[in-house]
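Only one structure is covered here, and it is reproduced in the block below.
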2 protein chains.
Amino acid sequence: MTDRSTATRPDLLPEPTLRRLPWYLAYLSTLRNAAIEYISTTRIAEALDVDPSQIAKDLSFLGIRGKTRIGYQVGALESALRDYLGFDKRHNAIMMGAGSLGGALISDNGLQRYGLNVVAGIDLNPTLIGTTINGVRIFSPSDTERLVRELDVKIGIIAVPVDSAQDVADTLAGAGVQAIWNFTPSRIRVREGMVIANTSIYSHLAVMYNRLQSLNKENKK
Amino acid sequence: MTDRSTATRPDLLPEPTLRRLPWYLAYLSTLRNAAIEYISTTRIAEALDVDPSQIAKDLSFLGIRGKTRIGYQVGALESALRDYLGFDKRHNAIMMGAGSLGGALISDNGLQRYGLNVVAGIDLNPTLIGTTINGVRIFSPSDTERLVRELDVKIGIIAVPVDSAQDVADTLAGAGVQAIWNFTPSRIRVREGMVIANTSIYSHLAVMYNRLQSLNKENKK
């Protein structure tokens, strides 16, 4: 994920911290399910293979400090993290492309549990327009601007073919969304001040295949 | 994505290079669709905002060099990249968890186009077991080891609840998969020599929300 547009603002949490906070959250939910009430930095550090001082520093951004010897109260820390990370708010989003990947993302209720509220989908395919996927209605591209305005959409998710990714990003920017979540392997350019997040699922495959190939060469030696 | 297990092997491509190669590939497919035959490093550099010397270096890993003044032949470079990245091979995978996210990933035909062949799904839910999603049959957890062996599965994809992620990873490792693709926000530990790729979709949301929040504070000033 690249996030260059915001690098100069001092009020932003460092991206590495923001990526570790969900690990802590995931671990805390495991502890809560196991009815564990308190947890120390040391234990979190061991479980997640992160330096204890790093964890203390990350959590201090939230204004949370553990108690000496006792550590953090699991439930309270979990709530504080969810709240801080914005997972308890609703963030309205529009899904650009409701085909294979877009449709799959709309079907994933997990996104909703993390605060992402997909209010509409957009697709060129006339057989999709007018249908609903997981309760989300699919519209024609010409409806994009109106829907963004009417439904107070802040986030545009791009799951269209690579060829159209930049055009779709431009349409979203013109319609007034503030953030773009790009699921295509395309490098999208946005204007200064817009937020862009890239989740290139397929490029992770490339890394994995290369590691696998090298592993199998190694084993044959 | 973290990839610590393989950091010491010299025959591996650097991860940043492996993550840029799919950008080039995506851009090349756009060019091919626009019937453009040759492309220079400079043009690729401009389009993708990557340093030209970096591109030449990345492509030299593949043993590909552009011709002076003419550059690279689009179709040939695209094929070479697809082949090198392993997108044209079939990599057998098993989907652990066929609920919301797992089911969505099985439904995404895009993964297949990038060489990922999901041969079976596993789920605890008795109403899912025995059904098929996008042609992929869902089995009970007790079938995991047998399926991995019988169907020559190299990759295990983890899309189960956070609590079970480590257990599922251990089962996969025991069954003999070589790589784990972890879609949960959980930090999974694997034995030395196994490949692990982490795609934490939800942690990208955390970064995006934080940037959005800060943007809106900025605008109110």
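Quick note on naming: the chains in the structure tokens go A, B, ... in the order shown, residues restart at 1 in each chain, and ligands are numbered from 1 in order of appearance.
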
_For a quick test of understanding: name the residues of chain A lying within 8 Å of chain B when counting only C-alpha atoms, and present them as a PyMOL selection string._
chain A and resi 1+6+11-13+15+18-19+22-23+26-27+29-30+48+85-87+100-101+103-105+107-111+114+162-163+178-179+185-187+193+195-197+199+201-212+214-215

Written file, previous selection with C-alpha atoms, as a CSV table (one decimal), in the first residue's frame:
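File produced: again-v3.csv:
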chain,number,residue,atom,x,y,z
A,1,MET,CA,0.0,0.0,0.0
A,6,THR,CA,-0.1,12.6,3.1
A,11,ASP,CA,-0.9,14.9,12.7
A,12,LEU,CA,-1.0,11.6,10.9
A,13,LEU,CA,-0.2,8.3,12.6
A,15,GLU,CA,1.6,3.9,8.5
A,18,LEU,CA,-1.6,1.9,11.7
A,19,ARG,CA,-0.8,-1.5,10.2
A,22,PRO,CA,-5.2,-4.2,13.6
A,23,TRP,CA,-2.9,-7.0,14.7
A,26,ALA,CA,-7.2,-9.2,16.3
A,27,TYR,CA,-5.1,-10.6,19.1
A,29,SER,CA,-10.5,-10.4,20.3
A,30,THR,CA,-8.9,-13.8,20.6
A,48,LEU,CA,2.9,-11.1,17.7
A,85,LEU,CA,-9.3,2.8,14.0
A,86,GLY,CA,-12.7,4.0,12.9
A,87,PHE,CA,-14.1,0.5,12.7
A,100,SER,CA,-15.9,-10.9,-10.3
A,101,LEU,CA,-13.8,-9.1,-7.7
A,103,GLY,CA,-19.1,-8.5,-6.6
A,104,ALA,CA,-17.0,-10.7,-4.3
A,105,LEU,CA,-16.0,-7.6,-2.2
A,107,SER,CA,-20.5,-10.1,-0.7
A,108,ASP,CA,-17.9,-9.9,2.0
A,109,ASN,CA,-19.7,-8.9,5.2
A,110,GLY,CA,-16.4,-8.6,6.9
A,111,LEU,CA,-15.9,-5.1,5.4
A,114,TYR,CA,-14.8,-2.9,9.9
A,162,VAL,CA,-7.0,-2.4,-15.4
A,163,ASP,CA,-7.7,-0.4,-18.6
A,178,GLN,CA,-12.2,11.9,-0.8
A,179,ALA,CA,-10.5,8.5,-0.8
A,185,PRO,CA,-2.8,-3.7,-10.2
A,186,SER,CA,-2.9,-0.3,-12.1
A,187,ARG,CA,-1.0,2.7,-10.7
A,193,GLY,CA,-4.8,15.9,-1.0
A,195,VAL,CA,-6.3,9.7,-0.1
A,196,ILE,CA,-5.3,6.6,-2.1
A,197,ALA,CA,-4.9,3.1,-0.8
A,199,THR,CA,-4.6,-3.3,-2.3
A,201,ILE,CA,-4.2,-8.8,-4.3
A,202,TYR,CA,-2.6,-10.2,-7.4
A,203,SER,CA,0.8,-8.7,-6.8
A,204,HIS,CA,1.0,-10.6,-3.6
A,205,LEU,CA,0.5,-13.7,-5.7
A,206,ALA,CA,3.6,-12.8,-7.7
A,207,VAL,CA,5.7,-12.6,-4.5
A,208,MET,CA,4.3,-15.9,-3.3
A,209,TYR,CA,4.9,-17.8,-6.5
A,210,ASN,CA,8.5,-16.5,-6.7
A,211,ARG,CA,9.2,-17.7,-3.2
A,212,LEU,CA,7.6,-21.1,-3.9
A,214,SER,CA,12.8,-20.8,-5.3
A,215,LEU,CA,11.9,-23.1,-2.4

*Once DSSP has gone over the backbone, tell me which residues of region 5-157 of chain A are in helix (DSSP H, G or I), as a ChimeraX atom specification.*
/A:5-6,15-33,41-48,52-60,74-85,100-107,110-113,141-150

_Residues of region 73-210 of chain A classed as strand (DSSP E or B) by DSSP on the backbone are to be reported as a PyMOL selection string._
chain A and resi 73+91-96+116-122+132-133+136-139+155-158+179-182+195-198

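Closest approach to Val136 (chain A) among A:Val118, A:Ala45, A:Gln166, A:Glu37: A:Val118, based on only C-alpha atoms.
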
_Near-Ala173 (chain A) list (10 Å; only C-alpha atoms; drop same-chain fewer than 2 positions) as a PyMOL selection string_ = chain A and resi 145+155-156+167-171+175-180+190-191+194

Residue selection dump (all heavy atoms) as a compact mmCIF listing (two decimals), in the first residue's frame:
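Result saved to part_1.txt:
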# COMPACT_ATOMS: atom_id res chain seq x y z
N GLU A 145 -22.04 10.11 -10.30
CA GLU A 145 -21.94 11.42 -9.64
C GLU A 145 -23.13 11.68 -8.73
O GLU A 145 -22.97 12.17 -7.61
CB GLU A 145 -21.85 12.53 -10.69
CG GLU A 145 -20.60 12.39 -11.55
CD GLU A 145 -20.06 13.73 -12.00
OE1 GLU A 145 -20.79 14.74 -11.85
OE2 GLU A 145 -18.92 13.78 -12.48
N ILE A 155 -15.79 7.29 -0.01
CA ILE A 155 -14.77 6.35 -0.49
C ILE A 155 -15.22 5.68 -1.79
O ILE A 155 -16.35 5.18 -1.87
CB ILE A 155 -14.50 5.26 0.58
CG1 ILE A 155 -13.96 5.89 1.86
CG2 ILE A 155 -13.53 4.19 0.04
CD1 ILE A 155 -13.86 4.93 3.05
N GLY A 156 -14.38 5.71 -2.79
CA GLY A 156 -14.66 4.98 -4.02
C GLY A 156 -13.74 3.77 -4.10
O GLY A 156 -12.53 3.90 -3.96
N ASP A 167 -9.57 6.14 -15.53
CA ASP A 167 -10.79 6.87 -15.89
C ASP A 167 -11.80 6.86 -14.74
O ASP A 167 -12.42 7.89 -14.42
CB ASP A 167 -11.46 6.24 -17.12
CG ASP A 167 -10.71 6.60 -18.40
OD1 ASP A 167 -9.82 7.48 -18.34
OD2 ASP A 167 -11.01 5.99 -19.45
N VAL A 168 -11.96 5.70 -14.17
CA VAL A 168 -12.91 5.57 -13.06
C VAL A 168 -12.45 6.41 -11.87
O VAL A 168 -13.26 7.08 -11.22
CB VAL A 168 -13.07 4.07 -12.68
CG1 VAL A 168 -13.76 3.92 -11.33
CG2 VAL A 168 -13.84 3.33 -13.76
N ALA A 169 -11.15 6.43 -11.62
CA ALA A 169 -10.60 7.25 -10.52
C ALA A 169 -10.90 8.73 -10.78
O ALA A 169 -11.28 9.47 -9.87
CB ALA A 169 -9.11 7.02 -10.38
N ASP A 170 -10.74 9.16 -12.05
CA ASP A 170 -11.01 10.55 -12.39
C ASP A 170 -12.49 10.89 -12.18
O ASP A 170 -12.82 11.96 -11.66
CB ASP A 170 -10.60 10.82 -13.84
CG ASP A 170 -9.09 10.70 -14.04
OD1 ASP A 170 -8.35 10.73 -13.04
OD2 ASP A 170 -8.64 10.56 -15.21
N THR A 171 -13.36 9.97 -12.59
CA THR A 171 -14.80 10.18 -12.38
C THR A 171 -15.11 10.32 -10.89
O THR A 171 -15.85 11.22 -10.47
CB THR A 171 -15.60 8.97 -12.92
OG1 THR A 171 -15.28 8.79 -14.30
CG2 THR A 171 -17.11 9.17 -12.77
N ALA A 175 -16.56 13.51 -8.91
CA ALA A 175 -17.83 13.40 -8.19
C ALA A 175 -17.71 13.84 -6.74
O ALA A 175 -18.71 14.09 -6.07
CB ALA A 175 -18.34 11.96 -8.26
N GLY A 176 -16.47 13.92 -6.25
CA GLY A 176 -16.26 14.45 -4.90
C GLY A 176 -15.90 13.43 -3.83
O GLY A 176 -15.94 13.76 -2.64
N VAL A 177 -15.54 12.21 -4.20
CA VAL A 177 -15.10 11.30 -3.13
C VAL A 177 -13.75 11.78 -2.61
O VAL A 177 -13.01 12.48 -3.31
CB VAL A 177 -15.00 9.81 -3.58
CG1 VAL A 177 -16.27 9.34 -4.24
CG2 VAL A 177 -13.80 9.58 -4.46
N GLN A 178 -13.45 11.43 -1.38
CA GLN A 178 -12.21 11.91 -0.76
C GLN A 178 -11.11 10.86 -0.76
O GLN A 178 -9.93 11.17 -0.60
CB GLN A 178 -12.49 12.34 0.69
CG GLN A 178 -13.47 13.50 0.78
CD GLN A 178 -13.74 13.88 2.23
OE1 GLN A 178 -13.65 13.06 3.12
NE2 GLN A 178 -14.07 15.14 2.45
N ALA A 179 -11.52 9.59 -0.89
CA ALA A 179 -10.53 8.52 -0.83
C ALA A 179 -10.82 7.48 -1.89
O ALA A 179 -11.99 7.22 -2.22
CB ALA A 179 -10.53 7.87 0.55
N ILE A 180 -9.76 6.90 -2.42
CA ILE A 180 -9.90 5.83 -3.39
C ILE A 180 -9.18 4.60 -2.88
O ILE A 180 -8.04 4.67 -2.43
CB ILE A 180 -9.35 6.27 -4.77
CG1 ILE A 180 -10.39 7.19 -5.44
CG2 ILE A 180 -9.04 5.07 -5.66
CD1 ILE A 180 -9.96 7.75 -6.76
N VAL A 190 -3.90 10.42 -8.41
CA VAL A 190 -4.97 11.28 -7.92
C VAL A 190 -4.41 12.65 -7.60
O VAL A 190 -3.20 12.81 -7.47
CB VAL A 190 -5.65 10.70 -6.66
CG1 VAL A 190 -6.38 9.40 -6.97
CG2 VAL A 190 -4.65 10.49 -5.53
N ARG A 191 -5.30 13.60 -7.47
CA ARG A 191 -4.83 14.95 -7.18
C ARG A 191 -4.33 15.03 -5.74
O ARG A 191 -4.73 14.25 -4.87
CB ARG A 191 -5.96 15.98 -7.42
CG ARG A 191 -7.10 15.84 -6.45
CD ARG A 191 -7.99 17.07 -6.37
NE ARG A 191 -8.94 16.86 -5.30
CZ ARG A 191 -10.11 16.27 -5.44
NH1 ARG A 191 -10.52 15.85 -6.62
NH2 ARG A 191 -10.90 16.09 -4.40
N MET A 194 -5.99 14.01 -2.05
CA MET A 194 -6.89 12.85 -2.00
C MET A 194 -6.16 11.69 -1.37
O MET A 194 -4.95 11.56 -1.48
CB MET A 194 -7.33 12.46 -3.41
CG MET A 194 -8.65 13.07 -3.79
SD MET A 194 -9.27 12.38 -5.36
CE MET A 194 -10.15 10.93 -4.79

*For Lys67 (chain A), work out the shell of residues within 12 Å, counting only C-alpha atoms and skipping chain neighbours fewer than 2 positions away, then give it as a list in words.*
Tyr38, Ile39, Ser40, Thr41, Ala56, Ile64, Arg65, Arg69, Ile70, Gly71, Tyr72 and Gln73 of chain A

*Between CA of Ile157 (chain B) and CA of Met95 (chain B), what is the spacing in Å?*
4.9 Å
